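Enquirer: The structure that follows is given in the form of structure tokens.
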Number of protein chains: 2
Amino acid sequence: MAKPRWLDEREALLWRTWLRLNQELPSVLEQQISRDSGLSGADYAVLVPLSESPEGMLRARELRREILWDRSRLSHHVRRMEKRGLVVREECAEDGRGAMVRMTVSGRAAITGAAPGHVAATRRYFFDLLSDEEVDELTAVFERVLANLERNGGREGGPGGDAVR
Amino acid sequence: MAKPRWLDEREALLWRTWLRLNQELPSVLEQQISRDSGLSGADYAVLVPLSESPEGMLRARELRREILWDRSRLSHHVRRMEKRGLVVREECAEDGRGAMVRMTVSGRAAITGAAPGHVAATRRYFFDLLSDEEVDELTAVFERVLANLERNGGREGGPGGDAVR
DNA sequence: CCAGTGTTGCTGATACGTCAACAAAAGTGG
DNA sequence: CCACTTTTGTTGACGTATCAGCAACACTGG
């Protein structure tokens, strides 16, 4: 693996652009969420699946499956969110190990307040700049890359960069 | 801004895919770098511009401009890298405030050793899955989004997610 | 020369993510 | 039923990122 084929001009340009976009877009969106709702991107990521589930409650394992977080990360973050009154932990009836994470009233209020602004920002900074065809093309490419990633480089829970969601 | 147009089916799919890719791809690449060179993605991001500059040395300000980091982040990270012997700080001749960051011999060895494997991984997980046309299409789309981002949402140094580079 | 202003980099406090180690419960095969 | 393994969630330690505040310097107009 001493001397692999280097990136050519066009590839290098794409790579730099991609890295930069991945740095800037999530950052701007997180700031937007945080500024007008006090939630972090991580908070948002946790609250979204909860808000979509029947009781506003999910087992930690399910939550992790949705957002692809490390066990430890979720545990720590839920503890912090609990301290802020956004969620509560309850014990799981069917499985003695399990932990249920339930959204509080104030948690639901937070996500309900934050979502519209976030979707609007998503449009303004992303979807408004894409044609319908481009939406489909990007989806196809990303899914292809993701599929390959999971076939090979996949790890268990997949710690990783933050997701605004 | 109470009720913005929600994301339709296809848009939501793209968004989820994008978030997931942004979480997984950088994570896999960072692990790859770290595993076979002991460098973190952040180390790599710092060392690349240094390795491309004439003396292996840049003023902190320039370095920040290249990688779009916060002042504080760079300062902290350079301190840690200095402790590990990858770079050294020197004072800037022309500007009394300035700080020069210089790559050490061992720093250059590290990046030289890490780069080929990283480029190979970049190919395996990204470029090998794209056609030539797709490379150009993606570049065009990303640049459009980035340009809009900098026109509006731009902040100063731009703290943001990590870049593997 | 000076006061005012912006820039540059550093630091300490705090929040966050990752890792290794752990405990408890559940599953599994004898 | 009993050892053994796996799954699940928690914790503490550590490295890292962000934020507010600071000090030193540079630049500008008077």
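Ordered as shown in the structure tokens, chains take letters A, B, and onward, while each chain numbers its residues from 1 and ligands are numbered from 1 in the order shown.
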With only C-alpha atoms (C1' of nucleotides) considered, list every residue of chain C at most 9 Å from chain B, as a list in words.
Expert: DT7, DT8, DG9 and DC10 of chain C
Enquirer: Name all residues at most 12 Å from A:Arg124 (count only C-alpha atoms (C1' of nucleotides); drop same-chain ones fewer than 5 positions away) and give them as an MDAnalysis selection string.
Expert: (chainID A and resid 25 28:29 32 117:119 129:130) or (chainID B and resid 4:5 145:146 148:149 151:153)
Enquirer: Give me the residues near C:DC16 as a list in words, where near means some atom within 10 Å (using only C-alpha atoms (C1' of nucleotides)) and where sequence neighbours in that chain fewer than 2 positions away do not count.
Expert: Ala42, Arg73, His76 and His77 of chain A; DT14 and DT18 of chain C; DT16, DA17 and DT18 of chain D
Enquirer: Next, write the just-selected residues to a file, as a short mmCIF file (atom, residue, chain, number, x, y, z; two decimals), in the first residue's frame, keeping C-alpha atoms (C1' of nucleotides) as the atom set.
Expert:
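Listed below is the output, result_11.cif:
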```cif
data_model
loop_
_atom_site.label_atom_id
_atom_site.label_comp_id
_atom_site.auth_asym_id
_atom_site.auth_seq_id
_atom_site.Cartn_x
_atom_site.Cartn_y
_atom_site.Cartn_z
CA ALA A 42 -27.66 15.69 20.03
CA ARG A 73 -22.87 8.01 24.65
CA HIS A 76 -24.29 9.88 29.37
CA HIS A 77 -26.42 12.10 27.21
"C1'" DT C 14 -17.67 23.19 31.09
"C1'" DT C 18 -14.89 7.40 23.54
"C1'" DT D 16 -11.34 16.64 22.84
"C1'" DA D 17 -14.51 20.82 21.42
"C1'" DT D 18 -16.76 25.06 22.69
#
```
Enquirer: For a test of reading the model, state the distance in Å between atom CA of B:Gly85 and atom C1' of C:DT11, rounded to one decimal.
Expert: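 According to the coordinates, atom CA of B:Gly85 and atom C1' of C:DT11 are separated by 21.2 Å.
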Enquirer: Write out as a PyMOL selection string all residues of chain B that DSSP puts in alpha helix (DSSP H) for this structure's backbone.
Expert: chain B and resi 9-37+41-52+60-67+71-83+105-125+132-151
Enquirer: Determine, counting only C-alpha atoms (C1' of nucleotides), which protein, DNA and RNA residues have an atom within 10 Å of an atom of A:Val141; residues of the same chain fewer than 6 positions away are not included. Present the result as a JSON list (two decimals) with N, CA and C atoms, in the first residue's frame.
Expert:
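Result went into part.json, see below:
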```json
[["chain", "number", "residue", "atom", "x", "y", "z"],
["A", 147, "ALA", "N", -24.16, 1.60, 1.59],
["A", 147, "ALA", "CA", -24.27, 0.14, 1.51],
["A", 147, "ALA", "C", -22.89, -0.49, 1.52],
["B", 17, "THR", "N", -30.49, 9.76, 4.80],
["B", 17, "THR", "CA", -29.32, 9.11, 4.21],
["B", 17, "THR", "C", -28.08, 9.97, 4.37],
["B", 126, "PHE", "N", -15.28, 5.64, -1.13],
["B", 126, "PHE", "CA", -15.98, 6.76, -1.74],
["B", 126, "PHE", "C", -15.79, 6.79, -3.25],
["B", 129, "LEU", "N", -16.85, 4.16, -5.84],
["B", 129, "LEU", "CA", -18.28, 3.93, -6.02],
["B", 129, "LEU", "C", -18.94, 5.00, -6.88],
["B", 130, "LEU", "N", -18.12, 5.93, -7.37],
["B", 130, "LEU", "CA", -18.68, 7.03, -8.14],
["B", 130, "LEU", "C", -18.19, 6.99, -9.59],
["B", 131, "SER", "N", -19.08, 7.28, -10.50],
["B", 131, "SER", "CA", -18.66, 7.44, -11.89],
["B", 131, "SER", "C", -18.04, 8.81, -12.06],
["B", 134, "GLU", "N", -20.62, 11.47, -11.97],
["B", 134, "GLU", "CA", -21.14, 11.72, -10.62],
["B", 134, "GLU", "C", -20.17, 12.59, -9.81],
["B", 138, "LEU", "N", -21.66, 15.88, -8.18],
["B", 138, "LEU", "CA", -21.60, 16.13, -6.75],
["B", 138, "LEU", "C", -20.86, 17.43, -6.45]]
```
Enquirer: For the atom pair atom CA of B:Arg35 and atom CA of B:Thr112, what is the interatomic distance in Å to one decimal place?
Expert: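 Between these atoms lies a distance of 15.0 Å.
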Enquirer: Mind dumping a table of every chain D residue within 12 Å of chain A, with the nearest atom pair and its distance in Å to one decimal, using only C-alpha atoms (C1' of nucleotides), sorted by chain and rising number, as CSV?
Expert:
```
residue,atom,partner,partner_atom,distance
D:DT7,C1',A:Arg97,CA,8.8
D:DT8,C1',A:Arg97,CA,5.6
D:DG9,C1',A:Arg97,CA,6.8
D:DT10,C1',A:Ser75,CA,7.2
D:DT11,C1',A:Ser72,CA,9.1
D:DG12,C1',A:His76,CA,11.6
```
Enquirer: Which of these, A:Glu133, A:Asp43, A:Glu52, A:Glu11, has the shortest distance to chain B once you count only C-alpha atoms?
Expert: A:Glu11
Enquirer: Pick out the residues sitting within 10 Å of A:Leu14, and hand them over as a list of chain:residue names; count only C-alpha atoms (C1' of nucleotides), and ignore anything fewer than 4 positions along from it in its own chain.
Expert: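 Using only C-alpha atoms (C1' of nucleotides), the neighbours found are A:Leu7, A:Glu9, A:Arg10, A:Trp18, A:Leu19, A:Arg20, B:Phe127, B:Val135, B:Asp136, B:Glu137, B:Leu138, B:Thr139, B:Ala140, B:Phe142, B:Glu143.
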Enquirer: Could you state the separation of atom CA of B:Ala120 and atom CA of B:Ser37 in Å, given to one decimal place?
Expert: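 Answer for the atom CA of B:Ala120 to atom CA of B:Ser37 separation: 13.9 Å.
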Enquirer: So which residues touch C:DC2 within 12 Å, counting only C-alpha atoms (C1' of nucleotides), skipping near sequence neighbours fewer than 6 positions away, as number ranges by chain?
Expert: D: 28-30
Enquirer: What's around C:DG6 at 12 Å? Count only C-alpha atoms (C1' of nucleotides), leave out sequence neighbours fewer than 6 positions away in its own chain, and write the answer as a ChimeraX atom specification.
Expert: /D:25-28
